[in-house]
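Structure file start-v9.tsv (TSV, C-alpha atoms) follows.
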chain	number	residue	atom	x	y	z
A	1	MET	CA	26.03	13.30	5.78
A	2	VAL	CA	23.29	15.26	7.48
A	3	ARG	CA	20.56	17.04	5.57
A	4	LEU	CA	17.66	19.00	7.08
A	5	GLY	CA	14.84	20.63	5.20
A	6	VAL	CA	11.42	22.19	5.56
A	7	PHE	CA	8.63	22.46	3.04
A	8	GLY	CA	5.24	24.06	2.80
A	9	TYR	CA	2.40	24.90	0.45
A	10	HIS	CA	-0.73	27.09	0.52
A	11	ASN	CA	-3.46	27.21	-2.10
A	12	GLU	CA	-7.11	27.87	-2.77
A	13	GLU	CA	-9.02	25.42	-4.96
A	14	LYS	CA	-12.43	25.95	-6.54
A	15	ASN	CA	-14.57	23.42	-8.41
A	16	GLU	CA	-17.13	24.01	-11.16
A	17	PHE	CA	-19.92	24.46	-8.55
A	18	ASP	CA	-18.00	27.27	-6.84
A	19	ALA	CA	-17.23	25.21	-3.73
A	20	ARG	CA	-13.85	26.24	-2.34
A	21	ASN	CA	-11.11	24.52	-0.40
A	22	TYR	CA	-8.32	26.42	1.31
A	23	LEU	CA	-5.43	24.11	2.02
A	24	HIS	CA	-1.99	24.38	3.47
A	25	TYR	CA	0.63	21.98	4.60
A	26	ALA	CA	4.03	22.14	6.20
A	27	GLY	CA	6.64	19.63	7.14
A	28	VAL	CA	10.19	18.76	7.96
A	29	ASP	CA	12.60	16.35	6.33
A	30	ALA	CA	15.84	14.91	7.71
A	31	THR	CA	18.47	12.53	6.36
A	32	LEU	CA	21.40	11.06	8.22
A	33	GLY	CA	23.78	8.71	6.48
A	34	GLN	CA	27.15	7.35	5.58
A	35	GLU	CA	28.49	5.35	2.64
A	36	LYS	CA	26.76	2.10	3.66
A	37	TRP	CA	23.51	3.30	5.22
A	38	GLU	CA	21.01	6.14	5.25
A	39	ILE	CA	18.14	7.05	7.56
A	40	ASN	CA	15.35	9.28	6.24
A	41	LEU	CA	12.67	10.90	8.40
A	42	GLN	CA	9.77	13.05	7.25
A	43	TYR	CA	6.74	14.67	8.92
A	44	LEU	CA	3.83	16.49	7.24
A	45	TYR	CA	0.87	18.43	8.67
A	46	ARG	CA	-2.02	19.40	6.38
A	47	GLU	CA	-5.26	21.33	6.84
A	48	ASP	CA	-8.14	21.60	4.37
A	49	SER	CA	-11.15	23.86	4.89
A	50	ASN	CA	-13.38	21.85	2.54
A	51	ALA	CA	-11.44	18.85	1.22
A	52	PHE	CA	-14.51	17.13	-0.24
A	53	PHE	CA	-15.92	20.31	-1.84
A	54	VAL	CA	-19.22	20.02	0.02
A	55	LYS	CA	-21.39	23.01	-0.76
A	56	PRO	CA	-22.44	25.18	0.98
A	57	ASP	CA	-21.08	23.69	4.22
A	58	SER	CA	-17.37	23.20	4.62
A	59	VAL	CA	-15.80	20.33	6.51
A	60	ASP	CA	-12.43	21.02	8.12
A	61	THR	CA	-9.99	18.17	7.64
A	62	THR	CA	-6.64	17.86	9.36
A	63	THR	CA	-4.05	15.25	8.55
A	64	ASP	CA	-0.60	14.56	9.87
A	65	GLY	CA	1.75	11.80	9.00
A	66	GLY	CA	5.26	10.77	8.52
A	67	LEU	CA	7.75	8.12	7.63
A	68	ALA	CA	10.96	6.60	8.83
A	69	GLU	CA	13.18	4.71	6.39
A	70	ILE	CA	16.51	2.95	6.58
A	71	VAL	CA	18.47	1.96	3.48
A	72	ILE	CA	21.45	-0.38	3.81
A	73	LEU	CA	24.07	-0.74	1.05
A	74	PRO	CA	26.57	-3.38	2.32
A	75	ARG	CA	29.29	-2.35	-0.16
A	76	GLY	CA	28.41	1.32	-0.45
A	77	ASP	CA	27.85	2.54	-4.02
A	78	GLN	CA	29.31	-0.75	-5.30
A	79	SER	CA	26.54	-2.81	-3.64
A	80	ARG	CA	24.57	-5.21	-5.75
A	81	TRP	CA	22.27	-5.84	-2.77
A	82	VAL	CA	20.10	-3.12	-1.20
A	83	PHE	CA	18.03	-3.64	1.97
A	84	THR	CA	15.28	-1.20	2.92
A	85	GLY	CA	12.95	-0.86	5.90
A	86	LEU	CA	10.10	1.65	5.95
A	87	TYR	CA	7.43	2.66	8.45
A	88	ASN	CA	4.76	5.19	7.54
A	89	GLN	CA	1.76	6.50	9.43
A	90	ILE	CA	-1.12	8.84	8.58
A	91	ASP	CA	-3.64	10.17	11.12
A	92	SER	CA	-6.61	12.23	10.01
A	93	ASN	CA	-10.00	13.30	11.31
A	94	GLY	CA	-11.22	11.69	8.07
A	95	THR	CA	-10.46	8.19	9.38
A	96	GLN	CA	-10.66	6.52	5.97
A	97	TYR	CA	-7.14	7.89	5.36
A	98	ASP	CA	-5.59	6.57	8.59
A	99	THR	CA	-2.86	4.03	8.04
A	100	LYS	CA	0.12	2.44	9.74
A	101	ARG	CA	2.30	0.30	7.52
A	102	ALA	CA	5.69	-1.37	7.79
A	103	THR	CA	7.61	-2.56	4.73
A	104	ALA	CA	10.79	-4.54	4.22
A	105	SER	CA	12.44	-4.79	0.82
A	106	VAL	CA	15.44	-6.56	-0.71
A	107	SER	CA	16.78	-5.63	-4.14
A	108	HIS	CA	19.50	-7.31	-6.18
A	109	LEU	CA	21.18	-5.59	-9.14
A	110	PRO	CA	22.85	-8.24	-11.33
A	111	ALA	CA	23.49	-5.61	-14.02
A	112	ARG	CA	23.41	-1.84	-14.26
A	113	ASN	CA	20.03	-1.88	-15.99
A	114	LEU	CA	18.39	-4.87	-14.26
A	115	ARG	CA	17.04	-5.13	-10.72
A	116	PHE	CA	15.13	-7.91	-8.94
A	117	VAL	CA	12.91	-6.85	-6.03
A	118	ILE	CA	11.10	-8.68	-3.25
A	119	GLU	CA	8.99	-6.65	-0.85
A	120	TYR	CA	6.71	-7.43	2.10
A	121	THR	CA	4.28	-4.91	3.63
A	122	TYR	CA	2.24	-5.34	6.78
A	123	ASP	CA	-0.76	-3.02	7.24
A	124	ILE	CA	-0.99	-2.64	11.02
A	125	GLU	CA	-4.37	-0.82	10.96
A	126	ARG	CA	-6.12	-3.49	8.90
A	127	ASP	CA	-4.07	-6.53	10.02
A	128	ARG	CA	-3.32	-7.38	6.39
A	129	SER	CA	-0.17	-8.35	4.50
A	130	GLU	CA	0.87	-8.02	0.90
A	131	GLY	CA	3.95	-8.90	-1.06
A	132	VAL	CA	5.59	-7.89	-4.30
A	133	LEU	CA	8.01	-9.80	-6.46
A	134	GLY	CA	9.29	-7.86	-9.44
A	135	VAL	CA	11.83	-7.10	-12.09
A	136	VAL	CA	12.86	-3.60	-13.13
A	137	ALA	CA	14.64	-3.28	-16.47
A	138	ALA	CA	15.78	-0.35	-18.59
A	139	PHE	CA	17.02	-0.58	-22.14
Using structure tokens, write down the structure that the file contains.
Amino acid sequence: MVRLGVFGYHNEEKNEFDARNYLHYAGVDATLGQEKWEINLQYLYREDSNAFFVKPDSVDTTTDGGLAEIVILPRGDQSRWVFTGLYNQIDSNGTQYDTKRATASVSHLPARNLRFVIEYTYDIERDRSEGVLGVVAAF
């Protein structure tokens, strides 16, 4: 399976003090996969004329980012185990939004409505790790 897509958005925002922000973004999306694996790629570029609604001066903000993900299903749609790797990155001239993160996840589905998850994320920019251990249930 191969899937390619593009997306975009343009809008004008105004707050209660009449400060305006003109924003637009555009990106591409791609998926390549087979029964037992899938690779997803996405890229986004965004521009804001006044993202923080500073009045009367505007502050141009540009941001671009993307992700790469691989999902492995050892037994295809019959898999009870799912393995996922994800890398995402954001670069902006507003550096508080910059990030580079890598995540690995393992899920086990013992029943149709029950999933156990363990996930590890490493924040490359901040040299920090975090983990998640969870249960997802639906009744």
Expressed in Å to a single decimal, how great is the separation between CA of Gly131 (chain A) and CA of Thr95 (chain A)?
->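 Straight-line distance from CA of Gly131 (chain A) to CA of Thr95 (chain A) works out to 24.7 Å.
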Figure out the distance between CA of Ser105 (chain A) and CA of Val132 (chain A), please, to one decimal in Å.
-> 9.1 Å
Selected residue of minimal separation from Leu133 (chain A) among A:Leu114, A:Asp91, A:Val106, A:Ser49, counting only C-alpha atoms =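 Among A:Leu114, A:Asp91, A:Val106, A:Ser49, it is A:Val106 that comes nearest to Leu133 (chain A).
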Go ahead and find all residues with at least one atom no further than 10 Å from (8.2, -6.0, -13.3) in the file's coordinates, using all atoms listed in the file; report them as a PDB file with C-alpha atoms, keeping the file's coordinate frame.
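Dumped everything to point-v5.pdb:
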ATOM      1  CA  ARG A 115      17.040  -5.130 -10.720  1.00  0.00           C
ATOM      2  CA  PHE A 116      15.130  -7.910  -8.940  1.00  0.00           C
ATOM      3  CA  VAL A 117      12.910  -6.850  -6.030  1.00  0.00           C
ATOM      4  CA  VAL A 132       5.590  -7.890  -4.300  1.00  0.00           C
ATOM      5  CA  LEU A 133       8.010  -9.800  -6.460  1.00  0.00           C
ATOM      6  CA  GLY A 134       9.290  -7.860  -9.440  1.00  0.00           C
ATOM      7  CA  VAL A 135      11.830  -7.100 -12.090  1.00  0.00           C
ATOM      8  CA  VAL A 136      12.860  -3.600 -13.130  1.00  0.00           C
ATOM      9  CA  ALA A 137      14.640  -3.280 -16.470  1.00  0.00           C
TER      10      ALA A 137
END
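Nearest residue to Phe83 (chain A) among A:Asp60, A:Thr99, A:Arg126, A:Glu38 is A:Glu38, counting all atoms listed in the file.
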Applying 10 Å and all atoms listed in the file, which residues near Thr61 (chain A) remain after dropping the ones on its own chain fewer than 6 positions away? List them as a short mmCIF file (atom, residue, chain, number, x, y, z; two decimals) with C-alpha atoms, keeping the file's coordinate frame.
data_model
loop_
_atom_site.label_atom_id
_atom_site.label_comp_id
_atom_site.auth_asym_id
_atom_site.auth_seq_id
_atom_site.Cartn_x
_atom_site.Cartn_y
_atom_site.Cartn_z
CA LEU A 23 -5.43 24.11 2.02
CA ARG A 46 -2.02 19.40 6.38
CA GLU A 47 -5.26 21.33 6.84
CA ASP A 48 -8.14 21.60 4.37
CA SER A 49 -11.15 23.86 4.89
CA ASN A 50 -13.38 21.85 2.54
CA ALA A 51 -11.44 18.85 1.22
CA PHE A 52 -14.51 17.13 -0.24
CA SER A 92 -6.61 12.23 10.01
CA ASN A 93 -10.00 13.30 11.31
CA GLY A 94 -11.22 11.69 8.07
#
Which residue gives the smallest distance to Val71 (chain A) among A:Lys100, A:Lys36, A:Arg112, A:Arg20, with all atoms listed in the file counted?
->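 Among the listed residues, the smallest separation from Val71 (chain A) belongs to A:Lys36.
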Point-to-point distance in Å for CA of Ser107 (chain A) and CA of Gln42 (chain A) =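 Result for CA of Gln42 (chain A) versus CA of Ser107 (chain A): 23.0 Å, one decimal.
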Best match for closeness to Asp18 (chain A) among A:Tyr122, A:Val2, A:Leu41, A:Phe53, counting only C-alpha atoms | A:Phe53
Could you list as a PyMOL selection string every residue that has an atom within 12 Å of (22.6, 6.8, 13.1), using the file's coordinates and counting all atoms listed in the file?
-> chain A and resi 1-2+30-34+36-41+69-72
Neighbour list for Gly8 (chain A) as a tab-separated table (two decimals) with C-alpha atoms, in the frame of the given file, cut-off 8 Å, all atoms listed in the file, skip fewer than 6 positions in-chain:
chain	number	residue	atom	x	y	z
A	24	HIS	CA	-1.99	24.38	3.47
A	25	TYR	CA	0.63	21.98	4.60
A	26	ALA	CA	4.03	22.14	6.20
A	27	GLY	CA	6.64	19.63	7.14
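Considering the residues A:Leu4, A:Leu44, A:Gly85, A:Thr62 and counting only C-alpha atoms, Tyr22 (chain A) has its shortest atom-to-atom contact with A:Thr62.
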